[in-house]
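In what follows, a single structure is set out as structure tokens and then discussed.
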Amino acid sequence: MPHVITQSCCSDASCVYACPVNCIHPTPDEPDFHTAQMLYVDPVECVDCGACVTACPVDAIKPHTKLTADEDVFATLNADFYATPRRPRPILAPVVPPLEVRPGELRVAIVGSGPAAMYAAEEVLTIPGALVLIYERLTTPYGLARFGVAPDHQRTRGVTHQFDHVTANPRLQMRLGVEVGSEITHEDLLNEHHAVIYAVGASTDRRLDIDGIDLPGVSSATEFVAWYNGHPDHADRRFDLSHRRAVVIGNGNVALDVARLLTIDPDRLADTDIAPHALKALRGSLIEEVVVAGRRGIEQSAFTVPELVGLCSTPGVDVVVRNEDLRALPDSDPRAAILRAAPRGAGNRRVVLEYLLSPTAILGDCAAEGVEFVHNELIAAPDGSTRVKSTGLQRVIEAGLVLTSIGYRGRPVPGLPFDDATATVPHQGGRVPGVRGAFVTGWIKRGPTGFIGTNKSCAQETVRSLVADYNAGLLA
Ligand code: NAP
């Protein structure tokens with residue numbers, strides 16, 4: 001098998017279009033693209049040319065012979081995607097046609113400078129002569145690519161180098177430290193631009209409404225992530241790391257990130273981009289065990305395979321799952337083999353994956369001392385999804401640090417409509433109906449799902465809508 005996609009896959013699909021034999025799937029136009037946990041190289045069709053390696057912004061693709069022992073599992077994962085049943089020989093992925101724009105100088109303002117904004121800027125700049133002006137509230141660009149990706153995921157953070165190339169384009173300007181909505185309005189922006197693309201992300205977290213949630217010692221995982229990444233809004237936060245155990249509520253990729261950061265040997269973080277204040281605090285941490293609690297069963301774990309591989313290959317960290325949970329995971333699920341082979345070593349710190357637990361209260365008088373959960377059983381909902389029903393049985397897990405990791409949430413954007421249920425701006429192909437010149441991309445458009453590179457196809461859709469409106473003379 002010549003080339004293999006590994007853990008840091010960002011799904012931006014640059015490799016798909018670089019591949020001369022169309023052996024990387026799913027492609028953005030295939031139905032499973034938005035649900036796939038990563039992209040995969042077909043080992044039979046790959047001609048070993050290495051074009052995908054050059055195109056990948058996060059160094060995720062390697063020749064088979066260069067895989068480390070921890071990465072060997074990805075050779076199987078890539079091959080399995082095509083094996084059962086054999087994926088029909090794909091037709092060549094359609095190359096996205098170049099944007100055709102009527103004569104004139106298209107000017108676009110973009111609000112935000114995270115991955116969604118930068119992919120939108122890259123797309124607009126493919127139009128000859130088009131100008132982009134990015135407004136960013138912070139004094140440092142690139143949003144979650146800088147303040148969200150874990151510091152030990154250096155290859156994923158490398159996507160910022162690609163953004164540097166976009167920023168270096170002389171037709172792009174960036175105004176840092178300017179807040180659109182307060183200092184400058186949508187109408188102000190339209191005085192100088194044909195359109196405004198809002199790429200403001202999901203800047204807060206979903207709140208868990210249970211007793212004790214405001215006790216000291218309880219925080220959101222997103223705040224913890226922002227703190228260890230040196231986000232200026234969170235740099236002065238303090239997290240109590242003086243207890244033996246922490247509990248993380250929710251089991252998505254963010255939950256695994258914070259569990260890993262709380263248990264990894266801090267020396268391994270020393271040469272990363274971790275904020276110095278966080279490294280110092282983690283060096284003094286007494287936490288030995290992190291319990292990651294999911295409300296549904298092991299099969300419904302929200303984390304993805306690449307992130308699980310990352311956790312299970314963290315030196316000095318055991319990943320512990322109850323046997324009865326492991327038995328509930330079918331062999332066909334790639335996570336089964338990974339969890340069965342997970343490390344167990346004397347003296348290691350541990351991440352314990354617990355299931356079927358819904359939090360009902362945070363216990364403690366002056367600060368968090370534990371989490372009260374109720375046990376669940378799985379039920380099949382009429383729509384085919386798997387939900388839970390309380391059994392009424394209670395369980396308390398003692399912990400001095402509790403991090404809720406139940407997803408991000410978008411905030412309303414001044415002047416734009418807002419759907420409170422999904423915490424997104426309603427749109428049609430990225431176009432905000434009823435607001436002249438307004439477009440959205442990224443998490444404020446589709447909700448907090450997907451990977452960094454998912455924003456590329458999302459931005460392409462939005463910019464195509466924008467260009468269609470411009471060509472139709474709808475943008476003054
Ligand atoms: P997420 O994947 O949506 O996971 C949210 C978790 O919270 C789920 O386990 C969910 O359980 C649980 N939850 C929701 N409401 C709850 C409640 N009321 N009580 C208890 N549990 C509750 O969110 P995320 O981890 O914040 O990740 C956001 C996005 O960023 C994802 O697309 C993720 O893949 C991406 N991300 C990627 C990486 C990476 O690729 N390295 C790293 C970080 C984040 P249910 O499943 O039962 O709803």
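By order in the structure tokens, chains are A, B, ...; within a chain, residues start at 1; ligands start at 1, following the order shown.
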Note to self: Please find the residues contacting ligand 1 at a distance of at most 8 Å between atoms, with only C-alpha atoms and all ligand atoms counted, and report them as JSON, numbers by chain.
What the structure shows: {"A": [8, 9, 10, 37, 148, 149, 150, 153, 156, 206, 208, 209, 222, 249, 250, 251, 252, 253, 254, 255, 256, 257, 293, 294, 295, 296, 300, 301, 302, 303, 304, 306, 307, 357, 358, 359, 387, 405, 406, 407, 408, 448, 449, 450, 451, 452]}
Please produce a file of those selected residues containing C-alpha atoms, as a PDB file, in the first residue's frame.
```pdb
ATOM      1  CA  SER A   8      -4.129  14.761  11.666  1.00  0.00           C
ATOM      2  CA  CYS A   9      -6.410  14.517   8.577  1.00  0.00           C
ATOM      3  CA  CYS A  10      -8.312  17.817   8.422  1.00  0.00           C
ATOM      4  CA  GLN A  37     -14.269  10.834  10.360  1.00  0.00           C
ATOM      5  CA  GLY A 148      -8.710  25.477  19.719  1.00  0.00           C
ATOM      6  CA  VAL A 149      -6.368  22.801  18.349  1.00  0.00           C
ATOM      7  CA  ALA A 150      -4.468  21.043  21.146  1.00  0.00           C
ATOM      8  CA  HIS A 153      -1.278  18.348  17.723  1.00  0.00           C
ATOM      9  CA  THR A 156      -2.876  19.985  12.698  1.00  0.00           C
ATOM     10  CA  ARG A 206     -23.556  24.790  25.450  1.00  0.00           C
ATOM     11  CA  LEU A 208     -25.396  22.259  31.269  1.00  0.00           C
ATOM     12  CA  ASP A 209     -28.315  23.377  33.409  1.00  0.00           C
ATOM     13  CA  THR A 222     -13.868  25.080  25.835  1.00  0.00           C
ATOM     14  CA  ILE A 249     -18.939  15.445  30.921  1.00  0.00           C
ATOM     15  CA  GLY A 250     -19.519  14.521  27.259  1.00  0.00           C
ATOM     16  CA  ASN A 251     -17.249  12.373  25.096  1.00  0.00           C
ATOM     17  CA  GLY A 252     -16.602  14.244  21.850  1.00  0.00           C
ATOM     18  CA  ASN A 253     -13.152  15.074  20.472  1.00  0.00           C
ATOM     19  CA  VAL A 254     -12.866  18.120  22.741  1.00  0.00           C
ATOM     20  CA  ALA A 255     -13.432  15.859  25.771  1.00  0.00           C
ATOM     21  CA  LEU A 256     -10.591  13.576  24.609  1.00  0.00           C
ATOM     22  CA  ASP A 257      -8.342  16.595  24.017  1.00  0.00           C
ATOM     23  CA  ALA A 293     -18.617  10.370  31.047  1.00  0.00           C
ATOM     24  CA  GLY A 294     -20.932   9.798  28.071  1.00  0.00           C
ATOM     25  CA  ARG A 295     -24.705   9.753  28.469  1.00  0.00           C
ATOM     26  CA  ARG A 296     -25.207   7.097  25.788  1.00  0.00           C
ATOM     27  CA  GLN A 300     -22.511   6.197  20.383  1.00  0.00           C
ATOM     28  CA  SER A 301     -19.207   7.711  21.620  1.00  0.00           C
ATOM     29  CA  ALA A 302     -18.905  11.096  19.910  1.00  0.00           C
ATOM     30  CA  PHE A 303     -15.100  10.978  19.579  1.00  0.00           C
ATOM     31  CA  THR A 304     -13.592   9.922  16.259  1.00  0.00           C
ATOM     32  CA  PRO A 306      -8.131   9.380  14.831  1.00  0.00           C
ATOM     33  CA  GLU A 307      -8.588  11.155  18.175  1.00  0.00           C
ATOM     34  CA  LEU A 357     -24.357   8.287  32.755  1.00  0.00           C
ATOM     35  CA  SER A 358     -26.340  11.548  32.685  1.00  0.00           C
ATOM     36  CA  PRO A 359     -25.195  14.263  35.097  1.00  0.00           C
ATOM     37  CA  ARG A 387     -31.537   7.745  22.891  1.00  0.00           C
ATOM     38  CA  SER A 405     -17.682  19.233  27.172  1.00  0.00           C
ATOM     39  CA  ILE A 406     -21.100  19.108  25.566  1.00  0.00           C
ATOM     40  CA  GLY A 407     -20.447  21.155  22.446  1.00  0.00           C
ATOM     41  CA  TYR A 408     -19.913  24.715  21.280  1.00  0.00           C
ATOM     42  CA  PRO A 448     -20.241  23.177  15.514  1.00  0.00           C
ATOM     43  CA  THR A 449     -19.463  20.002  13.593  1.00  0.00           C
ATOM     44  CA  GLY A 450     -16.720  18.688  11.335  1.00  0.00           C
ATOM     45  CA  PHE A 451     -12.998  19.269  11.129  1.00  0.00           C
ATOM     46  CA  ILE A 452     -10.855  22.253  10.174  1.00  0.00           C
TER      47      ILE A 452
END
```
Check: Excluding same-chain residues fewer than 4 positions from range 471-473 of chain A, what lies within 7 Å of it counting only C-alpha atoms, as a PyMOL selection string?
Finding: chain A and resi 101-102+467
Next item on the list: Please give the complete set of residues from range 204-410 of chain A that DSSP, run on the backbone, assigns to strand (DSSP E), formatted as JSON, numbers by chain.
Entry: {"A": [204, 205, 218, 219, 220, 245, 246, 247, 248, 249, 289, 290, 291, 292, 293, 317, 318, 319, 320, 321, 349, 350, 351, 352, 353, 354, 357, 358, 359, 360, 361, 362, 363, 370, 371, 372, 373, 374, 375, 376, 377, 378, 379, 380, 386, 387, 388, 389, 390, 391, 392, 393, 394, 395, 396, 397, 398, 401, 402, 403, 404, 408, 409]}
Next item on the list: Please provide as a list in words all residues within 7 Å of Val108 in chain A, with the sequence filter that same-chain residues fewer than 4 positions apart are discarded (counting only C-alpha atoms).
Entry: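 Neighbouring residues, sequence-local ones excluded: Leu131, Val132, Leu133, His193, His194, Ala195 and Val196 of chain A.
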Residues of the last selection are to be written out with N, CA and C atoms, as a PDB file, in the first residue's frame.
```
ATOM      1  N   LEU A 131     -10.750  41.748  -4.013  1.00  0.00           N
ATOM      2  CA  LEU A 131     -10.069  42.245  -2.812  1.00  0.00           C
ATOM      3  C   LEU A 131     -10.777  41.723  -1.567  1.00  0.00           C
ATOM      4  N   VAL A 132      -9.999  41.394  -0.551  1.00  0.00           N
ATOM      5  CA  VAL A 132     -10.559  40.871   0.704  1.00  0.00           C
ATOM      6  C   VAL A 132     -10.034  41.705   1.860  1.00  0.00           C
ATOM      7  N   LEU A 133     -10.962  42.086   2.745  1.00  0.00           N
ATOM      8  CA  LEU A 133     -10.558  42.774   3.979  1.00  0.00           C
ATOM      9  C   LEU A 133     -11.103  41.959   5.148  1.00  0.00           C
ATOM     10  N   HIS A 193     -17.749  47.626   0.648  1.00  0.00           N
ATOM     11  CA  HIS A 193     -17.650  46.278   0.072  1.00  0.00           C
ATOM     12  C   HIS A 193     -18.959  45.875  -0.591  1.00  0.00           C
ATOM     13  N   HIS A 194     -18.850  44.944  -1.539  1.00  0.00           N
ATOM     14  CA  HIS A 194     -20.073  44.423  -2.142  1.00  0.00           C
ATOM     15  C   HIS A 194     -20.781  43.473  -1.192  1.00  0.00           C
ATOM     16  N   ALA A 195     -20.017  42.775  -0.370  1.00  0.00           N
ATOM     17  CA  ALA A 195     -20.626  41.757   0.486  1.00  0.00           C
ATOM     18  C   ALA A 195     -19.790  41.556   1.743  1.00  0.00           C
ATOM     19  N   VAL A 196     -20.465  41.008   2.764  1.00  0.00           N
ATOM     20  CA  VAL A 196     -19.776  40.684   4.022  1.00  0.00           C
ATOM     21  C   VAL A 196     -20.012  39.206   4.310  1.00  0.00           C
TER      22      VAL A 196
END
```
Item checked: helix (DSSP H, G or I) call set, DSSP backbone run, range 170-226 of chain A, as a ChimeraX atom specification -> /A:186-192,221-226
Notebook entry, point to check: Neighbours of range 223-238 of chain A within 6 Å (only C-alpha atoms; same-chain residues fewer than 3 positions away dropped), as a PyMOL selection string?
Noted result: chain A and resi 147+220+274-275+278
Can you spit out the residues from that selection as a JSON list (two decimals), in the first residue's frame, using N, CA and C atoms?
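Listing of out_17.json after writing:
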```
[["chain", "number", "residue", "atom", "x", "y", "z"],
["A", 147, "PHE", "N", -6.31, 28.77, 18.76],
["A", 147, "PHE", "CA", -6.77, 28.74, 20.15],
["A", 147, "PHE", "C", -7.64, 27.52, 20.47],
["A", 220, "SER", "N", -16.15, 24.98, 31.69],
["A", 220, "SER", "CA", -16.40, 24.28, 30.42],
["A", 220, "SER", "C", -15.05, 23.86, 29.83],
["A", 274, "ILE", "N", 1.92, 25.33, 23.76],
["A", 274, "ILE", "CA", 1.11, 25.52, 24.98],
["A", 274, "ILE", "C", 1.50, 26.83, 25.66],
["A", 275, "ALA", "N", 0.49, 27.51, 26.25],
["A", 275, "ALA", "CA", 0.76, 28.77, 26.96],
["A", 275, "ALA", "C", 1.64, 28.47, 28.18],
["A", 278, "ALA", "N", -0.08, 27.72, 31.43],
["A", 278, "ALA", "CA", -0.75, 26.42, 31.50],
["A", 278, "ALA", "C", 0.28, 25.31, 31.75]]
```
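The residue set within 12 Å of Thr76 in chain A, counting only C-alpha atoms and dropping same-chain residues fewer than 3 places from it, reads Met1, His3, Val4, Ile5, Thr6, Tyr40, Val41, Asp42, Pro43, His64, Leu67, Glu71, Asp72, Val73, Ala79, Asp80, Phe81, Tyr82, Ala83, Pro334, Ala337 and Ile338 of chain A.
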Each residue of range 102-172 of chain A lying at most 9 Å from range 179-190 of chain A should get a row with its shortest atom-to-atom pair and the distance in Å to one decimal, counting only C-alpha atoms; could you produce that, ordered by chain and increasing number, as JSON lines?
```
{"residue": "A:Ala109", "atom": "CA", "partner": "A:Leu189", "partner_atom": "CA", "distance": 7.0}
{"residue": "A:Val111", "atom": "CA", "partner": "A:Val180", "partner_atom": "CA", "distance": 7.1}
{"residue": "A:Tyr135", "atom": "CA", "partner": "A:Val180", "partner_atom": "CA", "distance": 7.2}
{"residue": "A:Glu136", "atom": "CA", "partner": "A:Glu179", "partner_atom": "CA", "distance": 6.7}
{"residue": "A:Arg137", "atom": "CA", "partner": "A:Glu179", "partner_atom": "CA", "distance": 4.6}
{"residue": "A:Leu138", "atom": "CA", "partner": "A:Glu179", "partner_atom": "CA", "distance": 8.2}
```
With N, CA and C atoms retained, could you export that selection as a short mmCIF file (atom, residue, chain, number, x, y, z; two decimals), in the first residue's frame?
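This is the output file out_8.cif:
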```cif
data_model
loop_
_atom_site.label_atom_id
_atom_site.label_comp_id
_atom_site.auth_asym_id
_atom_site.auth_seq_id
_atom_site.Cartn_x
_atom_site.Cartn_y
_atom_site.Cartn_z
N ALA A 109 -15.73 41.86 2.49
CA ALA A 109 -15.26 41.91 3.88
C ALA A 109 -15.55 40.56 4.52
N VAL A 111 -15.67 38.68 8.32
CA VAL A 111 -15.64 38.93 9.76
C VAL A 111 -15.17 37.65 10.45
N TYR A 135 -11.73 41.36 9.14
CA TYR A 135 -11.83 42.02 10.44
C TYR A 135 -11.77 40.95 11.53
N GLU A 136 -10.86 41.11 12.48
CA GLU A 136 -10.71 40.13 13.56
C GLU A 136 -10.74 40.87 14.91
N ARG A 137 -11.58 40.37 15.81
CA ARG A 137 -11.72 41.01 17.13
C ARG A 137 -10.42 40.94 17.94
N LEU A 138 -9.72 39.81 17.85
CA LEU A 138 -8.49 39.65 18.63
C LEU A 138 -7.31 40.29 17.89
#
```
Notebook entry, point to check: For Arg350 in chain A, which of A:Val44, A:Thr422, A:Ala368, A:Thr263 is the closest residue, counting only C-alpha atoms?
Noted result: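 With only C-alpha atoms as the atom set, the closest residue is A:Thr263.
Going from CA of Tyr355 in chain A over to CA of Gly297 in chain A, you cover 5.3 Å.
One distance worth recording is that between CA of Glu354 in chain A and CA of Val374 in chain A, which is 12.3 Å.
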Check: Nearest to Gln7 in chain A: which of A:Leu144, A:Leu308, A:Ile264, A:Ile197 is it, counting only C-alpha atoms?
Finding: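 Using only C-alpha atoms, Gln7 in chain A sits closest to A:Leu308.
Closest approach to Gly347 in chain A from the set A:Cys312, A:Glu289, A:Ile61, A:Pro417 is made by A:Glu289, with distances taken over only C-alpha atoms.
Straight-line separation from CA of His277 in chain A to CA of Leu363 in chain A: 28.5 Å.
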Item checked: Counting only C-alpha atoms, the residue of A:Gly212, A:Ser219, A:Gly112, A:Val352 that sits nearest Val413 in chain A -> A:Gly112
Margin query: Please list as a list of chain:residue names every residue within 8 Å of Gly400 in chain A, counting only C-alpha atoms and excluding residues in the same chain fewer than 3 positions away.
Written below: A:Gly217, A:Asp240, A:Leu241, A:Ser242, A:His243, A:Arg244, A:Arg245, A:Ala246, A:Ala367, A:Ala368, A:Glu369, A:Gly370
Contacts of range 158-167 of chain A at 6 Å (only C-alpha atoms; same-chain gap of 2+ positions) as a short mmCIF file (atom, residue, chain, number, x, y, z; two decimals) with N, CA and C atoms, in the first residue's frame:
```cif
data_model
loop_
_atom_site.label_atom_id
_atom_site.label_comp_id
_atom_site.auth_asym_id
_atom_site.auth_seq_id
_atom_site.Cartn_x
_atom_site.Cartn_y
_atom_site.Cartn_z
N PRO A 57 -2.37 20.16 3.88
CA PRO A 57 -1.85 21.27 4.68
C PRO A 57 -1.39 20.88 6.08
N VAL A 58 -1.68 19.64 6.50
CA VAL A 58 -1.39 19.27 7.89
C VAL A 58 -0.47 18.03 8.00
N GLU A 122 -9.41 32.52 0.83
CA GLU A 122 -8.66 31.81 -0.22
C GLU A 122 -9.53 31.66 -1.47
N ARG A 155 0.98 18.96 14.00
CA ARG A 155 0.76 18.84 12.55
C ARG A 155 -0.55 19.52 12.16
N THR A 156 -1.59 19.33 13.00
CA THR A 156 -2.88 19.98 12.70
C THR A 156 -2.72 21.50 12.77
N ASN A 169 -1.12 37.29 0.43
CA ASN A 169 -1.60 37.78 -0.87
C ASN A 169 -1.79 39.30 -0.78
#
```
